[in-house]
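Okay, so here's the structure we're looking at.
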Amino acid sequence: MNSTTNEQNLKIEQAEKQIKEIHHPSFVLKKQDDNLLTTVTLTNELSAELIEFFILHRETGEKYPFKAQFANGAHSFSVNIRSFIKQYAPVDPKEHFEFYFTIRYTIDGHSIFKDEPLSLNRFDHYESYGLTEVQDSGHRLYPYFSRKTQGFCFTINIPVRSVRYIKQSTIDSVQLKKDTLTLTGTIMTKANPINRIDTILVGRKFGHRQTIHSDHQLIQSEDITHLYSYNYQINLDLADCAHEFFLNKTGDEDFDLYFELYLNGLFEPTVIRVSNPSDANTKKNYTYFSHSYGKKTMVLAPNFTGQSNNFILSVTNFQKESFEYMKELLPFIPVLRPFYSNRSIWVIGETPMEARNNGWNFYRYMRQTYPEKEVYYVIDSHSPDYAKAAELGEDHLLIYKSKKYIWTLAMAQLLVTTEEPYAILPTRNPLWLDVLSAKKVLLPKNVLGLHNAKSTFEYNTKRFKADLILVSSKTEKRYAIETFNFPEEKISLTGLPRFDKLLTVETSSATKQQILLFPMNQDSGLHYQSDVITHMALCFLSLLKNPAFLDFVDHYHLDVVVALPPSMLHYLSAFTENNCTVVLQSQEDVQQLIKYSKLFITDADPIAFDFSFLLKPVLFYQPDIKTHSSEEPFDSSCTYLNELPGEITTSEESLIHLLDQIGQNQFQVTRKNQQKVDALLYYHDTQSAQRIYEAISALLH
């Protein structure tokens, strides 16, 4: 008896193994109008017989069966998408559905029934036609393949990004010959082949958009894996680019390069960056092209940025005389520098157009406390902050891209920069770093962690290796070690210079009956980036109109101030129409704003840390955002295991609930959040700038 049972169990195990290894010939999805037609052909092995199709509701486990039609050797079923949603989706649905089929396999006269997902892993060949997002009565339906089962699914009102079909994209070579920059590489897709590729150049600051000539060619396709591999080549005529930039009076700008991939079966393009160079850090990639027109010279240089080493084309405008001076000076810098080493020249900067953050605060401290030191600040002569900076002595200002600036930078012993070290260099071309012998100090713009800045701060990068990074807590120090790979001896716990003013005694008495909404600034330029900006603007506008929010404001006699970032300027009138005060982040003393306010709401702006350091409540409002991008617009999980000093909410309803709790707590920060604040600010005093001076002095001696 036991022997017979064991034999049966062994046969079942062998049968199960055989079934797992079976591949069926083909799987086709075709959408016509509202109908989705699914067709499969089955293998002849193990007498496979299709019993039925069904759609599985993942959230409830409910099965919705469909009878199989058989014709021309294939099984099929059709479902009307709109009818299905109306019949089976609840009110305000957020659901997942997956397509299955039931097959009976016959092995040695025994029938084995299997419910299996319609998975790419089970079919040799797959095709799709017309699959795309569907809108119906305010609902959105998104077709996709499950990462876990590779089975065909669709969601209702849960966005799914088509970028999941892109398995890999790499840059294999970057070559600059005369005036032509050529990039070659490979793209690999899953399930959906590429019908067309558009390559576009998009300016980060001003949104200039230009279609670039590119070619792609299928080099390999595999039925079993459903992978499609392509070679691509992009040709950038830099002389033509420079000519167009001159005509458009383009200022200094970084241009990102994107692919818009039109995948078979999807109507909307999938957008990815041109990125992942195999040898991004080799110096051969950093040659530059210069083009002169009249008294001006434009420098165009390839560079890489971001976590995936995204390609950018950096454009820098010079007076021709200054550019020629720089070219003539470069070969002699190593010879001249030793004669000026005893002067101990310090150069500090943020971006050429700004003098308002940590770099500026440290420079001001040095000029006021150590006026005998030869310390300079980099600024553009057209900066709105120029007059303020000049009050500390114009002879200590370095006008960006002037001859004095170029010479002083080359002879400097110390370079203090914020999160964008290249912003105050003559060009974004990293080869300039070879010219500098200065010690490099990274003075972060904000407390680290809210945004993924690994590409900027990564210690092991061959393009910018800092000699010292300044942090505000032991927690942040640990983060710099674990995330940015900084050696412990190259980290100094000092605090940030702007905290000296932020934490002055009179701050607590400055608070008014004011609530501050502070949306984070976003890059703009592509449609998905604009979608993110629009979505967040509409979410904040909706909050301002919410009767429960208005009741909260009225009950506690609060004034509402909205500080708009540059990316939301075109929503200025829309915000102004609401019962609130609207200001522009770029034109306000942000520190004064947060001192006056007793409650702070943002999606993910790092100034939230400053607000929390005043022991006042912060709310992070992060509603779901539909985006075609391969990169998240923000990622709060970057911050020390998500230890943000405030509650996070993704819905307007829960945000109102949290506001009510804060009001009931008399706008006091909770004990839990105060503990988080303590973990993010080691020195709660006004001596950060002095500690930075001491740390730098130790570095230089």
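If you're wondering about the labels, chains in the structure tokens are A, B, ... by order shown, residues count from 1 in each chain, ligands from 1 in order shown.
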Please provide as a PDB file with N, CA, C and O atoms, in the first residue's frame all residues within 12 Å of Cys241 of chain A, with the sequence filter that same-chain residues fewer than 6 positions apart are discarded (counting only C-alpha atoms).
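Generated file (selection_18.pdb):
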ATOM      1  N   ASP A 179      33.251  68.784 -35.253  1.00  0.00           N
ATOM      2  CA  ASP A 179      32.090  69.413 -34.619  1.00  0.00           C
ATOM      3  C   ASP A 179      30.936  68.434 -34.418  1.00  0.00           C
ATOM      4  O   ASP A 179      29.811  68.843 -34.153  1.00  0.00           O
ATOM      5  N   THR A 180      31.197  67.129 -34.540  1.00  0.00           N
ATOM      6  CA  THR A 180      30.138  66.129 -34.397  1.00  0.00           C
ATOM      7  C   THR A 180      30.385  65.243 -33.181  1.00  0.00           C
ATOM      8  O   THR A 180      31.446  64.627 -33.052  1.00  0.00           O
ATOM      9  N   LEU A 181      29.403  65.209 -32.290  1.00  0.00           N
ATOM     10  CA  LEU A 181      29.450  64.337 -31.121  1.00  0.00           C
ATOM     11  C   LEU A 181      28.575  63.131 -31.410  1.00  0.00           C
ATOM     12  O   LEU A 181      27.389  63.265 -31.722  1.00  0.00           O
ATOM     13  N   LEU A 201      16.701  66.669 -27.040  1.00  0.00           N
ATOM     14  CA  LEU A 201      17.588  67.421 -26.160  1.00  0.00           C
ATOM     15  C   LEU A 201      16.716  68.432 -25.417  1.00  0.00           C
ATOM     16  O   LEU A 201      15.987  69.202 -26.040  1.00  0.00           O
ATOM     17  N   HIS A 208      14.176  74.542 -23.357  1.00  0.00           N
ATOM     18  CA  HIS A 208      14.398  74.437 -24.808  1.00  0.00           C
ATOM     19  C   HIS A 208      14.410  72.967 -25.206  1.00  0.00           C
ATOM     20  O   HIS A 208      15.098  72.153 -24.609  1.00  0.00           O
ATOM     21  N   ARG A 209      13.654  72.639 -26.248  1.00  0.00           N
ATOM     22  CA  ARG A 209      13.507  71.244 -26.669  1.00  0.00           C
ATOM     23  C   ARG A 209      13.865  71.125 -28.146  1.00  0.00           C
ATOM     24  O   ARG A 209      13.378  71.903 -28.963  1.00  0.00           O
ATOM     25  N   GLN A 210      14.693  70.137 -28.456  1.00  0.00           N
ATOM     26  CA  GLN A 210      15.169  69.993 -29.828  1.00  0.00           C
ATOM     27  C   GLN A 210      15.275  68.511 -30.169  1.00  0.00           C
ATOM     28  O   GLN A 210      15.842  67.723 -29.412  1.00  0.00           O
ATOM     29  N   THR A 211      14.697  68.120 -31.301  1.00  0.00           N
ATOM     30  CA  THR A 211      14.790  66.736 -31.758  1.00  0.00           C
ATOM     31  C   THR A 211      16.136  66.509 -32.436  1.00  0.00           C
ATOM     32  O   THR A 211      16.581  67.323 -33.250  1.00  0.00           O
ATOM     33  N   ILE A 212      16.791  65.409 -32.083  1.00  0.00           N
ATOM     34  CA  ILE A 212      18.141  65.108 -32.558  1.00  0.00           C
ATOM     35  C   ILE A 212      18.094  63.903 -33.492  1.00  0.00           C
ATOM     36  O   ILE A 212      17.340  62.949 -33.262  1.00  0.00           O
ATOM     37  N   ASN A 235      23.722  61.375 -33.397  1.00  0.00           N
ATOM     38  CA  ASN A 235      24.693  62.325 -33.937  1.00  0.00           C
ATOM     39  C   ASN A 235      24.273  63.748 -33.584  1.00  0.00           C
ATOM     40  O   ASN A 235      23.193  64.197 -33.971  1.00  0.00           O
ATOM     41  N   LEU A 247      21.330  82.087 -31.662  1.00  0.00           N
ATOM     42  CA  LEU A 247      20.146  82.770 -32.182  1.00  0.00           C
ATOM     43  C   LEU A 247      19.073  82.915 -31.105  1.00  0.00           C
ATOM     44  O   LEU A 247      18.370  83.930 -31.033  1.00  0.00           O
ATOM     45  N   ASN A 248      18.956  81.884 -30.247  1.00  0.00           N
ATOM     46  CA  ASN A 248      17.942  81.904 -29.190  1.00  0.00           C
ATOM     47  C   ASN A 248      18.425  82.600 -27.922  1.00  0.00           C
ATOM     48  O   ASN A 248      17.701  82.650 -26.925  1.00  0.00           O
ATOM     49  N   LYS A 249      19.681  83.109 -27.981  1.00  0.00           N
ATOM     50  CA  LYS A 249      20.289  83.779 -26.825  1.00  0.00           C
ATOM     51  C   LYS A 249      20.239  82.896 -25.580  1.00  0.00           C
ATOM     52  O   LYS A 249      19.886  83.323 -24.477  1.00  0.00           O
ATOM     53  N   THR A 250      20.593  81.624 -25.786  1.00  0.00           N
ATOM     54  CA  THR A 250      20.595  80.654 -24.696  1.00  0.00           C
ATOM     55  C   THR A 250      21.714  80.961 -23.709  1.00  0.00           C
ATOM     56  O   THR A 250      22.867  81.114 -24.096  1.00  0.00           O
ATOM     57  N   PHE A 255      21.782  70.484 -20.858  1.00  0.00           N
ATOM     58  CA  PHE A 255      20.776  69.825 -21.673  1.00  0.00           C
ATOM     59  C   PHE A 255      20.808  68.319 -21.410  1.00  0.00           C
ATOM     60  O   PHE A 255      21.851  67.687 -21.534  1.00  0.00           O
ATOM     61  N   PHE A 289      33.840  71.260 -27.286  1.00  0.00           N
ATOM     62  CA  PHE A 289      33.776  71.961 -28.567  1.00  0.00           C
ATOM     63  C   PHE A 289      33.472  73.423 -28.276  1.00  0.00           C
ATOM     64  O   PHE A 289      32.592  73.743 -27.482  1.00  0.00           O
ATOM     65  N   SER A 290      34.223  74.323 -28.903  1.00  0.00           N
ATOM     66  CA  SER A 290      33.978  75.757 -28.712  1.00  0.00           C
ATOM     67  C   SER A 290      33.622  76.398 -30.048  1.00  0.00           C
ATOM     68  O   SER A 290      34.138  76.002 -31.100  1.00  0.00           O
ATOM     69  N   HIS A 291      32.741  77.389 -29.971  1.00  0.00           N
ATOM     70  CA  HIS A 291      32.270  78.064 -31.179  1.00  0.00           C
ATOM     71  C   HIS A 291      32.163  79.554 -30.882  1.00  0.00           C
ATOM     72  O   HIS A 291      31.500  79.963 -29.920  1.00  0.00           O
ATOM     73  N   MET A 298      31.035  80.134 -27.203  1.00  0.00           N
ATOM     74  CA  MET A 298      30.191  79.158 -26.521  1.00  0.00           C
ATOM     75  C   MET A 298      30.946  77.842 -26.438  1.00  0.00           C
ATOM     76  O   MET A 298      31.497  77.357 -27.432  1.00  0.00           O
ATOM     77  N   VAL A 299      30.967  77.258 -25.232  1.00  0.00           N
ATOM     78  CA  VAL A 299      31.638  75.978 -25.012  1.00  0.00           C
ATOM     79  C   VAL A 299      30.592  74.907 -24.770  1.00  0.00           C
ATOM     80  O   VAL A 299      29.727  75.052 -23.882  1.00  0.00           O
ATOM     81  N   LEU A 300      30.640  73.835 -25.556  1.00  0.00           N
ATOM     82  CA  LEU A 300      29.714  72.716 -25.416  1.00  0.00           C
ATOM     83  C   LEU A 300      30.528  71.492 -25.011  1.00  0.00           C
ATOM     84  O   LEU A 300      31.469  71.108 -25.716  1.00  0.00           O
ATOM     85  N   ALA A 301      30.173  70.894 -23.874  1.00  0.00           N
ATOM     86  CA  ALA A 301      30.960  69.784 -23.346  1.00  0.00           C
ATOM     87  C   ALA A 301      30.059  68.659 -22.861  1.00  0.00           C
ATOM     88  O   ALA A 301      29.077  68.911 -22.162  1.00  0.00           O
ATOM     89  N   LEU A 313      24.620  67.616 -22.010  1.00  0.00           N
ATOM     90  CA  LEU A 313      25.462  68.502 -22.798  1.00  0.00           C
ATOM     91  C   LEU A 313      25.476  69.845 -22.081  1.00  0.00           C
ATOM     92  O   LEU A 313      24.442  70.505 -21.960  1.00  0.00           O
ATOM     93  N   SER A 314      26.642  70.221 -21.565  1.00  0.00           N
ATOM     94  CA  SER A 314      26.760  71.463 -20.806  1.00  0.00           C
ATOM     95  C   SER A 314      27.173  72.596 -21.734  1.00  0.00           C
ATOM     96  O   SER A 314      28.147  72.473 -22.487  1.00  0.00           O
ATOM     97  N   VAL A 315      26.427  73.696 -21.676  1.00  0.00           N
ATOM     98  CA  VAL A 315      26.685  74.857 -22.528  1.00  0.00           C
ATOM     99  C   VAL A 315      27.094  76.031 -21.635  1.00  0.00           C
ATOM    100  O   VAL A 315      26.381  76.380 -20.696  1.00  0.00           O
TER     101      VAL A 315
END
| query | Which residues come within 9 Å of Leu448 of chain A, counting only C-alpha atoms, excluding same-chain residues fewer than 3 positions away, as a list of chain:residue names? | reply | A:Pro444, A:Lys445, A:His451, A:Asn452, A:Ala453, A:Val471, A:Ser472, A:Glu476, A:Tyr479, A:Ala480, A:Pro606, A:Thr639
Saved selection, atoms kept: all heavy atoms, as a CSV table (one decimal), in the first residue's frame:
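This went into again-v1.csv:
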chain,number,residue,atom,x,y,z
A,444,PRO,N,27.1,71.2,2.1
A,444,PRO,CA,25.7,70.9,1.5
A,444,PRO,C,24.8,72.1,1.6
A,444,PRO,O,24.8,72.9,2.5
A,444,PRO,CB,25.3,69.8,2.4
A,444,PRO,CG,26.5,69.1,2.9
A,444,PRO,CD,27.5,70.3,3.1
A,445,LYS,N,23.9,72.1,0.6
A,445,LYS,CA,22.9,73.2,0.6
A,445,LYS,C,21.8,73.0,1.7
A,445,LYS,O,21.3,73.9,2.2
A,445,LYS,CB,22.2,73.1,-0.8
A,445,LYS,CG,21.2,74.2,-1.1
A,445,LYS,CD,20.6,74.1,-2.5
A,445,LYS,CE,19.6,75.2,-2.8
A,445,LYS,NZ,19.1,75.1,-4.1
A,451,HIS,N,16.7,63.9,-0.5
A,451,HIS,CA,16.8,63.5,-1.9
A,451,HIS,C,18.0,62.7,-2.2
A,451,HIS,O,19.0,62.7,-1.5
A,451,HIS,CB,16.9,64.8,-2.8
A,451,HIS,CG,15.7,65.7,-2.7
A,451,HIS,ND1,15.7,67.1,-2.8
A,451,HIS,CD2,14.4,65.4,-2.4
A,451,HIS,CE1,14.5,67.6,-2.6
A,451,HIS,NE2,13.7,66.6,-2.4
A,452,ASN,N,17.9,61.9,-3.2
A,452,ASN,CA,19.0,61.0,-3.6
A,452,ASN,C,20.1,61.8,-4.3
A,452,ASN,O,20.0,62.1,-5.4
A,452,ASN,CB,18.5,59.9,-4.5
A,452,ASN,CG,19.6,58.8,-4.6
A,452,ASN,OD1,20.8,59.0,-4.4
A,452,ASN,ND2,19.1,57.6,-5.1
A,453,ALA,N,21.2,62.1,-3.5
A,453,ALA,CA,22.3,62.9,-4.1
A,453,ALA,C,23.5,62.1,-4.2
A,453,ALA,O,24.6,62.7,-4.2
A,453,ALA,CB,22.5,64.1,-3.2
A,471,VAL,N,28.7,68.0,7.9
A,471,VAL,CA,27.4,67.5,8.2
A,471,VAL,C,26.9,68.1,9.5
A,471,VAL,O,27.6,68.8,10.2
A,471,VAL,CB,27.4,65.9,8.3
A,471,VAL,CG1,27.8,65.3,7.0
A,471,VAL,CG2,28.4,65.5,9.4
A,472,SER,N,25.6,67.8,9.9
A,472,SER,CA,25.0,68.4,11.0
A,472,SER,C,24.7,67.5,12.2
A,472,SER,O,24.2,67.9,13.2
A,472,SER,CB,23.7,69.1,10.6
A,472,SER,OG,24.0,70.1,9.6
A,476,GLU,N,23.6,62.0,10.2
A,476,GLU,CA,24.0,62.4,8.9
A,476,GLU,C,25.4,61.9,8.5
A,476,GLU,O,25.7,61.6,7.4
A,476,GLU,CB,23.9,63.9,8.8
A,476,GLU,CG,23.9,64.5,7.3
A,476,GLU,CD,23.8,66.0,7.3
A,476,GLU,OE1,23.8,66.6,8.4
A,476,GLU,OE2,23.7,66.5,6.2
A,479,TYR,N,25.1,58.5,7.5
A,479,TYR,CA,24.6,58.4,6.2
A,479,TYR,C,25.6,58.7,5.1
A,479,TYR,O,25.7,58.0,4.1
A,479,TYR,CB,23.4,59.5,6.1
A,479,TYR,CG,22.7,59.5,4.8
A,479,TYR,CD1,21.7,58.5,4.5
A,479,TYR,CD2,22.9,60.5,3.9
A,479,TYR,CE1,21.0,58.6,3.4
A,479,TYR,CE2,22.2,60.5,2.7
A,479,TYR,CZ,21.3,59.6,2.4
A,479,TYR,OH,20.6,59.6,1.3
A,480,ALA,N,26.5,59.7,5.4
A,480,ALA,CA,27.6,60.0,4.4
A,480,ALA,C,28.5,58.8,4.3
A,480,ALA,O,29.0,58.6,3.2
A,480,ALA,CB,28.3,61.3,4.9
A,606,PRO,N,13.7,70.2,1.2
A,606,PRO,CA,14.5,70.0,2.4
A,606,PRO,C,14.5,71.1,3.4
A,606,PRO,O,15.0,70.9,4.5
A,606,PRO,CB,15.9,69.9,1.7
A,606,PRO,CG,15.7,69.5,0.3
A,606,PRO,CD,14.4,70.1,-0.1
A,639,THR,N,15.9,59.0,3.4
A,639,THR,CA,16.3,59.7,4.7
A,639,THR,C,16.4,58.7,5.8
A,639,THR,O,15.3,58.4,6.4
A,639,THR,CB,15.3,60.8,5.0
A,639,THR,OG1,15.2,61.6,3.9
A,639,THR,CG2,15.8,61.6,6.2
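Non-sequential neighbours of Leu544 of chain A (distance at most 10 Å, separation of 6 or more positions within a chain, only C-alpha atoms) are Leu517, Leu538, Leu550, Val553, Val560, Val562, Phe575, Asn578, Asn579 and Cys580 of chain A.
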Please produce a file of the residues just selected, as a PDB file, in the first residue's frame, where the atoms kept are N, CA and C atoms.
ATOM      1  N   LEU A 517       2.687  76.865   3.171  1.00  0.00           N
ATOM      2  CA  LEU A 517       2.707  75.791   2.173  1.00  0.00           C
ATOM      3  C   LEU A 517       3.907  76.020   1.270  1.00  0.00           C
ATOM      4  N   LEU A 538      -2.063  71.173  -8.534  1.00  0.00           N
ATOM      5  CA  LEU A 538      -3.499  70.936  -8.376  1.00  0.00           C
ATOM      6  C   LEU A 538      -3.820  70.364  -6.997  1.00  0.00           C
ATOM      7  N   LEU A 550     -10.390  74.936   5.217  1.00  0.00           N
ATOM      8  CA  LEU A 550     -10.804  76.315   5.492  1.00  0.00           C
ATOM      9  C   LEU A 550     -11.365  76.450   6.912  1.00  0.00           C
ATOM     10  N   VAL A 553      -8.346  76.478   9.267  1.00  0.00           N
ATOM     11  CA  VAL A 553      -7.686  77.787   9.236  1.00  0.00           C
ATOM     12  C   VAL A 553      -8.501  78.821  10.002  1.00  0.00           C
ATOM     13  N   VAL A 560      -2.792  81.972   5.685  1.00  0.00           N
ATOM     14  CA  VAL A 560      -2.149  80.958   4.848  1.00  0.00           C
ATOM     15  C   VAL A 560      -1.212  81.637   3.861  1.00  0.00           C
ATOM     16  N   VAL A 562       1.454  80.793   0.750  1.00  0.00           N
ATOM     17  CA  VAL A 562       1.949  79.797  -0.210  1.00  0.00           C
ATOM     18  C   VAL A 562       3.209  80.347  -0.850  1.00  0.00           C
ATOM     19  N   PHE A 575      -3.274  80.333  -7.716  1.00  0.00           N
ATOM     20  CA  PHE A 575      -3.112  80.356  -6.259  1.00  0.00           C
ATOM     21  C   PHE A 575      -3.609  81.682  -5.681  1.00  0.00           C
ATOM     22  N   ASN A 578      -7.209  82.188  -4.479  1.00  0.00           N
ATOM     23  CA  ASN A 578      -7.661  81.610  -3.211  1.00  0.00           C
ATOM     24  C   ASN A 578      -7.381  82.580  -2.064  1.00  0.00           C
ATOM     25  N   ASN A 579      -7.999  82.308  -0.942  1.00  0.00           N
ATOM     26  CA  ASN A 579      -7.882  83.194   0.212  1.00  0.00           C
ATOM     27  C   ASN A 579      -6.551  82.944   0.929  1.00  0.00           C
ATOM     28  N   CYS A 580      -5.454  83.383   0.294  1.00  0.00           N
ATOM     29  CA  CYS A 580      -4.127  83.158   0.854  1.00  0.00           C
ATOM     30  C   CYS A 580      -3.169  84.219   0.319  1.00  0.00           C
TER      31      CYS A 580
END
| task | For Pro269 of chain A, please output as a list in words all residues within 9 Å (counting only C-alpha atoms; exclusion window: fewer than 2 positions along the same chain). | result | Ser162, Ile197, Glu260, Leu261, Tyr262, Leu263, Leu266, Phe267, Val271 and His628 of chain A
Take the residues that were just selected and, keeping C-alpha atoms, output them as a CSV table (one decimal), in the first residue's frame.
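Just written: result_37.csv:
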chain,number,residue,atom,x,y,z
A,162,SER,CA,5.6,51.6,-19.2
A,197,ILE,CA,12.7,56.2,-31.4
A,260,GLU,CA,11.0,58.7,-26.5
A,261,LEU,CA,10.5,55.1,-27.3
A,262,TYR,CA,7.3,54.1,-29.2
A,263,LEU,CA,6.7,50.5,-28.2
A,266,LEU,CA,1.4,51.2,-26.7
A,267,PHE,CA,0.2,54.5,-28.1
A,271,VAL,CA,10.6,58.2,-21.9
A,628,HIS,CA,6.4,58.1,-17.4
| message | Calculated over only C-alpha atoms, which of the candidates A:Thr494, A:Met568, A:Phe549, A:Asn673 has the smallest distance to Phe518 of chain A? | response | A:Met568
| With only C-alpha atoms as the basis for distance, which of A:Gln522, A:Gln513, A:Asn429, A:Ser344 is at the shortest distance from Leu414 of chain A? | A:Ser344
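Using only C-alpha atoms, the residues found no farther than 12 Å from Asp34 of chain A, other than those of its own chain fewer than 5 positions away, are Ser78, Val79, Asn80, Ile81, Arg82, Ser83, Phe84, Ile85, Gly130, Leu131, Thr132, Glu133, Val134, Gln135, Asp136 and Leu141 of chain A.
Checking A:His96, A:Lys114, A:His57, A:Arg343 one by one against Ala15 of chain A, counting only C-alpha atoms, you find the shortest gap at A:Lys114.
Interatomic distance, atom CA of Met326 of chain A to atom CA of Ala466 of chain A: 24.1 Å.
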| said: Show me, as a PyMOL selection string, the residues that have an atom within 9 Å of Met520 of chain A when counting only C-alpha atoms, minus same-chain residues fewer than 6 positions from it. | reply: chain A and resi 564-565+567+602-606
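Each of A:Tyr232, A:Tyr258, A:Phe362, A:Tyr693 was compared to His216 of chain A using only C-alpha atoms, and A:Tyr232 turns out to be the nearest.
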| message | Residues near Arg204 of chain A, anyone? I mean within 8 Å using only C-alpha atoms, not counting same-chain ones fewer than 2 positions away, as a PyMOL selection string. | response | chain A and resi 202+206-207+253-256+523-525
| request: Write down as a ChimeraX atom specification the residues of segment 520-645 of chain A whose backbone DSSP state falls under helix (DSSP H, G or I). | output: /A:527-545,547-555,566-576,585-587,590-596,607-613,636-638,640-642
| task | Give the strand (DSSP E) residues of segment 8-255 of chain A, as assigned by DSSP on the backbone, as a PyMOL selection string. | result | chain A and resi 24-32+35-41+49-57+63-66+69-71+74-80+95-107+110-117+123-129+134-136+139-145+152-156+166-177+180-190+194-203+209-212+214-221+227-237+253-255
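Between Arg364 of chain A and the residues A:Pro497, A:Pro566, A:Pro645, A:Pro65, the shortest atom-to-atom distance, using only C-alpha atoms, involves A:Pro497.
Closest approach to Tyr682 of chain A among A:Gly151, A:Pro547, A:Gly495, A:Pro331 is made by A:Gly495 (distances from only C-alpha atoms).
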